[in-house]
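Colleague: Sharing query-v3.cif, mmCIF, C-alpha atoms:
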data_data
loop_
_atom_site.label_atom_id
_atom_site.label_comp_id
_atom_site.auth_asym_id
_atom_site.auth_seq_id
_atom_site.Cartn_x
_atom_site.Cartn_y
_atom_site.Cartn_z
CA MET A 328 89.15 94.03 80.34
CA ILE A 329 88.93 96.34 83.35
CA GLU A 330 92.49 96.96 84.54
CA VAL A 331 92.87 97.04 88.34
CA LEU A 332 95.58 98.19 90.75
CA VAL A 333 95.45 96.43 94.13
CA VAL A 334 96.86 98.50 97.01
CA ASP A 335 97.35 96.88 100.44
CA ASP A 336 100.15 97.16 102.99
CA ASP A 337 100.04 93.40 103.67
CA VAL A 338 101.63 91.53 100.77
CA ARG A 339 99.65 88.37 101.51
CA VAL A 340 96.35 90.23 101.63
CA ALA A 341 97.20 92.03 98.40
CA ARG A 342 97.83 88.69 96.70
CA VAL A 343 94.55 87.25 97.98
CA ASN A 344 92.63 90.32 96.81
CA ALA A 345 94.39 90.16 93.44
CA ALA A 346 93.42 86.50 93.11
CA TYR A 347 89.83 87.42 93.91
CA VAL A 348 89.84 90.11 91.23
CA GLU A 349 91.19 87.71 88.62
CA LYS A 350 88.32 85.29 89.36
CA VAL A 351 85.72 87.86 88.29
CA PRO A 352 85.16 87.78 84.50
CA GLY A 353 86.14 90.98 82.76
CA PHE A 354 88.73 92.08 85.35
CA HIS A 355 92.52 91.92 85.20
CA VAL A 356 95.11 92.88 87.83
CA ALA A 357 97.51 95.34 86.23
CA GLY A 358 99.67 95.73 89.34
CA GLU A 359 100.05 95.64 93.12
CA ALA A 360 101.35 98.23 95.55
CA HIS A 361 102.05 97.99 99.28
CA ASN A 362 102.48 101.62 100.29
CA ALA A 363 101.40 105.07 99.19
CA ALA A 364 104.57 105.82 97.23
CA GLU A 365 104.32 102.57 95.27
CA ALA A 366 100.66 103.24 94.52
CA LEU A 367 101.41 106.67 93.08
CA SER A 368 104.37 105.28 91.14
CA GLN A 369 102.21 102.55 89.63
CA LEU A 370 99.59 105.11 88.65
CA GLU A 371 102.23 106.96 86.65
CA ALA A 372 103.88 103.86 85.20
CA LEU A 373 100.94 101.70 84.12
CA PRO A 374 99.86 102.43 80.54
CA ARG A 375 96.19 101.97 81.41
CA LEU A 376 94.36 101.76 84.70
CA ASP A 377 90.60 101.77 85.27
CA LEU A 378 90.14 100.97 88.96
CA VAL A 379 92.12 101.07 92.21
CA LEU A 380 91.26 98.85 95.17
CA MET A 381 92.65 101.12 97.87
CA ASP A 382 93.58 100.17 101.43
CA HIS A 383 93.43 103.06 103.90
CA TYR A 384 96.09 102.06 106.44
CA LEU A 385 99.39 102.28 104.54
CA PRO A 386 102.83 102.51 106.19
CA ASP A 387 103.82 105.88 104.69
CA ASP A 388 100.44 107.62 104.34
CA THR A 389 96.71 106.95 104.19
CA GLY A 390 94.79 105.62 101.25
CA LEU A 391 92.64 108.75 101.25
CA ALA A 392 95.79 110.89 101.00
CA VAL A 393 96.77 108.84 97.95
CA VAL A 394 93.35 109.45 96.40
CA GLN A 395 93.73 113.19 97.05
CA GLU A 396 97.15 113.19 95.40
CA MET A 397 95.80 111.18 92.46
CA ARG A 398 93.17 113.83 91.84
CA ARG A 399 95.68 116.65 92.26
CA ARG A 400 97.82 115.05 89.55
CA GLY A 401 94.82 114.77 87.26
CA HIS A 402 94.23 111.01 87.54
CA GLN A 403 90.52 110.27 87.26
CA THR A 404 90.94 106.54 87.88
CA ASP A 405 87.99 105.09 89.79
CA VAL A 406 88.54 104.01 93.41
CA ILE A 407 86.94 101.41 95.64
CA MET A 408 88.15 101.56 99.25
CA VAL A 409 88.97 98.09 100.62
CA THR A 410 89.97 98.60 104.24
CA ALA A 411 89.49 97.77 107.91
CA ALA A 412 88.82 101.46 108.62
CA ARG A 413 85.18 101.57 109.63
CA ASP A 414 84.83 104.89 111.46
CA VAL A 415 82.16 107.10 109.97
CA SER A 416 84.53 110.04 109.45
CA THR A 417 86.77 107.95 107.17
CA VAL A 418 83.80 106.61 105.26
CA GLN A 419 82.49 110.16 104.83
CA ALA A 420 85.89 111.42 103.68
CA ALA A 421 86.10 108.58 101.15
CA MET A 422 82.77 109.64 99.69
CA ARG A 423 83.89 113.28 99.48
CA HIS A 424 87.09 112.29 97.70
CA GLY A 425 85.13 110.38 95.08
CA ALA A 426 85.46 106.74 96.15
CA LEU A 427 82.72 104.81 94.32
CA GLN A 428 82.42 102.01 96.87
CA TYR A 429 83.63 101.10 100.35
CA LEU A 430 84.25 97.47 101.34
CA VAL A 431 85.05 96.78 104.99
CA LYS A 432 87.57 94.07 105.90
CA PRO A 433 87.37 91.21 106.54
CA PHE A 434 85.20 90.09 103.64
CA ALA A 435 84.59 86.97 101.59
CA PHE A 436 85.08 86.64 97.85
CA ALA A 437 81.34 87.11 97.30
CA GLY A 438 81.50 90.57 98.87
CA LEU A 439 84.23 91.82 96.56
CA ARG A 440 82.69 90.10 93.56
CA ALA A 441 79.40 91.94 94.14
CA LYS A 442 81.22 95.30 94.25
CA LEU A 443 83.19 94.54 91.09
CA GLU A 444 80.16 93.32 89.18
CA ALA A 445 78.26 96.45 90.20
CA TYR A 446 81.19 98.55 89.00
CA ALA A 447 81.25 96.71 85.67
CA GLN A 448 77.52 97.36 85.32
CA LEU A 449 78.11 101.07 85.98
CA ARG A 450 80.73 101.24 83.22
CA ARG A 451 78.35 99.60 80.76
CA THR A 452 75.61 102.04 81.73
CA LEU A 453 77.94 104.98 81.10
CA ASP A 454 79.36 103.69 77.82
CA GLY A 455 76.45 105.03 75.81
CA GLY A 456 77.31 108.67 76.56
CA GLY A 457 74.98 111.43 75.40
CA GLU A 458 72.29 113.05 77.52
CA ALA A 459 70.33 111.26 80.21
CA GLU A 460 66.70 111.51 81.24
CA GLN A 461 65.83 111.14 84.91
CA ALA A 462 65.25 107.39 84.60
CA GLU A 463 68.72 106.94 83.08
CA VAL A 464 70.26 109.13 85.80
CA ASP A 465 68.56 106.95 88.42
CA ARG A 466 70.00 103.83 86.77
CA ILE A 467 73.49 105.34 86.78
CA PHE A 468 73.34 106.26 90.45
CA GLY A 469 71.75 102.93 91.30
CA ALA A 470 74.24 100.80 89.40
CA LEU A 471 76.60 100.64 92.37
CA SER A 472 73.81 99.71 94.76
CA ALA A 473 73.69 96.12 93.60
CA PRO A 474 72.74 93.81 96.47
CA SER A 475 75.31 91.64 98.16
CA GLU A 476 75.24 87.91 97.54
CA PRO A 477 71.78 86.79 98.66
CA GLU A 478 71.20 84.25 101.43
CA LEU A 479 70.20 80.88 100.01
CA PRO A 480 66.72 79.68 100.96
CA LYS A 481 66.38 76.48 102.96
CA GLY A 482 66.99 73.40 100.85
CA HIS A 483 69.40 75.08 98.42
CA SER A 484 73.02 73.97 98.18
CA PRO A 485 75.78 76.63 98.06
CA THR A 486 77.85 74.26 95.90
CA THR A 487 75.09 73.83 93.32
CA ALA A 488 74.34 77.55 93.37
CA GLU A 489 77.99 78.29 92.64
CA LEU A 490 78.08 75.77 89.78
CA VAL A 491 75.05 77.38 88.15
CA ARG A 492 76.42 80.88 88.74
CA GLN A 493 79.81 80.03 87.22
CA SER A 494 78.12 78.45 84.19
CA LEU A 495 76.09 81.59 83.54
CA MET A 496 79.03 83.93 84.09
CA SER A 497 81.31 82.01 81.72
CA ALA A 498 78.69 81.66 78.98
CA GLU A 499 78.92 83.79 75.85
CA GLY A 500 75.14 84.11 75.66
CA PRO A 501 71.87 83.05 77.31
CA LEU A 502 71.52 79.43 78.43
CA SER A 503 68.50 77.23 78.98
CA ALA A 504 67.94 75.07 82.05
CA GLN A 505 68.83 72.00 79.96
CA GLU A 506 72.13 73.56 78.88
CA ILE A 507 72.94 74.48 82.48
CA ALA A 508 72.12 70.91 83.53
CA GLU A 509 74.50 69.51 80.93
CA ARG A 510 77.30 71.87 82.02
CA THR A 511 76.92 71.26 85.75
CA GLY A 512 75.79 67.64 85.94
CA VAL A 513 72.59 68.41 87.85
CA SER A 514 69.08 67.57 86.69
CA ARG A 515 67.14 69.95 84.48
CA GLN A 516 64.61 70.51 87.27
CA THR A 517 67.37 71.41 89.73
CA ALA A 518 68.98 73.78 87.23
CA GLN A 519 65.60 75.45 86.63
CA ARG A 520 65.07 75.92 90.38
CA TYR A 521 68.42 77.65 90.86
CA LEU A 522 68.00 79.75 87.72
CA LYS A 523 64.66 81.02 89.00
CA LEU A 524 66.29 81.87 92.33
CA LEU A 525 69.03 83.85 90.58
CA GLU A 526 66.38 85.64 88.52
CA ARG A 527 64.32 86.54 91.61
CA THR A 528 67.37 87.98 93.37
CA GLY A 529 68.43 90.02 90.36
CA ARG A 530 71.57 88.02 89.60
CA ALA A 531 70.25 86.61 86.33
CA ARG A 532 67.82 87.84 83.68
CA LEU A 533 65.25 85.83 81.80
CA THR A 534 65.11 86.00 78.01
CA LEU A 535 62.73 84.19 75.68
CA LYS A 536 63.71 82.32 72.52
CA TYR A 537 60.85 81.86 70.08
CA GLY A 538 60.80 78.89 67.75
CA ASP A 539 58.58 78.01 64.82
CA ALA A 540 55.82 76.67 67.04
CA GLY A 541 54.96 76.03 70.65
CA ARG A 542 55.89 77.91 73.80
CA PRO A 543 59.03 80.08 73.84
CA GLU A 544 62.13 78.62 75.46
CA HIS A 545 63.22 80.24 78.72
CA ARG A 546 66.88 81.21 78.62
CA TYR A 547 68.95 82.97 81.27
CA VAL A 548 71.88 85.35 81.17
CA TRP A 549 74.04 86.66 84.03
CA ALA A 550 72.69 90.11 84.92
CA THR A 551 75.94 92.05 84.47
CA ARG A 552 76.35 90.58 80.96
CA ALA A 553 72.85 91.43 79.76
#
Take the structure in the file and write it out as structure tokens.
Modeller:
Amino acid sequence: MIEVLVVDDDVRVARVNAAYVEKVPGFHVAGEAHNAAEALSQLEALPRLDLVLMDHYLPDDTGLAVVQEMRRRGHQTDVIMVTAARDVSTVQAAMRHGALQYLVKPFAFAGLRAKLEAYAQLRRTLDGGGEAEQAEVDRIFGALSAPSEPELPKGHSPTTAELVRQSLMSAEGPLSAQEIAERTGVSRQTAQRYLKLLERTGRARLTLKYGDAGRPEHRYVWATRA
């Protein structure tokens, strides 16, 4: 599990963001903080912390000042800025202080989910260690550039798309269109149509299962789990 600290001056917003984080497979909220002092205290107190979702406008200091102090104390915890601050100077400063991503409020769950999934993909890319050729370097730097949730083409239902997405994300391995249909209650043809859409937009990956005879079975896996 990726352990996350949620920092936001508004308690209600912090709880909503924490609930969002918990909905993304592979992520767990280790703590919440509502000001700079609490954030730094949590950083020292939590036994393990991988990622901080950092608000910028805090009552006792700025989120960027917290990031600076984190680095001064030797904390290399990753940071994604989640804030209403949208001036270019703040965005630039966040980049210089090592923030991996910057999500502007207000945002929907899909926006945060895309950032978290991209972050999870980055961690998997880096897990191998060792030396990297240029292609691998490009993949590392591109891992956080995952597209936001794509617009659905005309004739596609957001509800059905979410059902198919959740089925893929919760699966332990690749699923066929028939298996998706059985899990969601839609027809096999409908499941196949949405799976192809997810594949085209990079959210799912196609794998082939070869049997003893005949054509290979098309099976799909959520992209960040492949």
Colleague: Would you write out, as a list in words, every residue that the PyMOL selection byres ((chain A and resi 524-535) around 8) captures in this file?
Modeller: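 For this structure, the PyMOL selection byres ((chain A and resi 524-535) around 8) captures Pro477, Pro501, Arg520, Tyr521, Leu522, Lys523, Lys536, Tyr537, Pro543, Glu544, His545, Arg546, Tyr547, Val548, Trp549, Ala550, Thr551 and Ala553 of chain A.
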Colleague: Would you list the contacts of Arg413 in chain A as a compact mmCIF listing (two decimals) with C-alpha atoms, in the coordinates of the input, taking every protein, DNA or RNA residue within 9 Å and counting all atoms listed in the file, but skipping same-chain residues closer than 5 positions in sequence?
Modeller:
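Output (out_7.txt):
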# COMPACT_ATOMS: atom_id res chain seq x y z
CA VAL A 418 83.80 106.61 105.26
CA VAL A 431 85.05 96.78 104.99
CA LYS A 432 87.57 94.07 105.90
Colleague: Taking the file as shown, find all residues satisfying the PyMOL selection byres ((chain A and resi 354-369) around 6) and write them as an NGL selection string.
Modeller: :A and (328-336 or 349 or 351-353 or 370-373 or 385-386 or 388)
Colleague: What does the distance from CA of Leu391 in chain A to CA of Ala421 in chain A come to in Å, to one decimal?
Modeller: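 According to the coordinates, CA of Leu391 in chain A and CA of Ala421 in chain A are separated by 6.5 Å.
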Colleague: Go through A:Leu502, A:Val491, A:Ala445, A:Met381 one by one, measure the shortest atom-to-atom distance of each to Thr404 in chain A using only C-alpha atoms, and give the residue with the smallest value.
Modeller: A:Met381
Colleague: For each of A:Ala435, A:Ala441, A:Ile507, A:Val348, take the minimum atom-to-atom distance to Leu495 in chain A, counting all atoms listed in the file, then give the residue where this is smallest.
Modeller: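 Counting all atoms listed in the file, the residue closest to Leu495 in chain A is A:Ile507.
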Colleague: Which residue gives the smallest distance to Val409 in chain A among A:Gly512, A:Val394, A:Tyr429, A:Arg423, with all atoms listed in the file counted?
Modeller: A:Tyr429
Colleague: For the file shown, report as a PyMOL selection string the outcome of the PyMOL selection byres ((chain A and resi 417) around 12) at residue level.
Modeller: chain A and resi 382-384+389-392+408+410-416+418-424+426+429+431
Colleague: Record the distance separating CA of Arg492 in chain A and CA of Ala447 in chain A, expressed in Å with one decimal.
Modeller: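 Computed distance, CA of Arg492 in chain A to CA of Ala447 in chain A, equals 16.8 Å.
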Colleague: What's the separation between CA of Pro374 in chain A and CA of His402 in chain A, in Å to one decimal place?
Modeller: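 Taking CA of Pro374 in chain A and CA of His402 in chain A, their separation equals 12.4 Å.
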Colleague: Using all atoms of range 359-372 of chain A that appear in the file, construct an axis-aligned enclosing box with 5 Å of padding on every side and provide its centre coordinates and edge lengths in Å, rounded to one decimal, as JSON.
Modeller:
{"center_x": 102.1, "center_y": 101.3, "center_z": 92.7, "size_x": 15.0, "size_y": 21.3, "size_z": 25.1}
Colleague: Skipping near chain neighbours, those fewer than 3 positions away, what residues fall within 6 Å of Ala518 in chain A using all atoms listed in the file, listed as a ChimeraX atom specification?
Modeller: /A:504,508,515,521
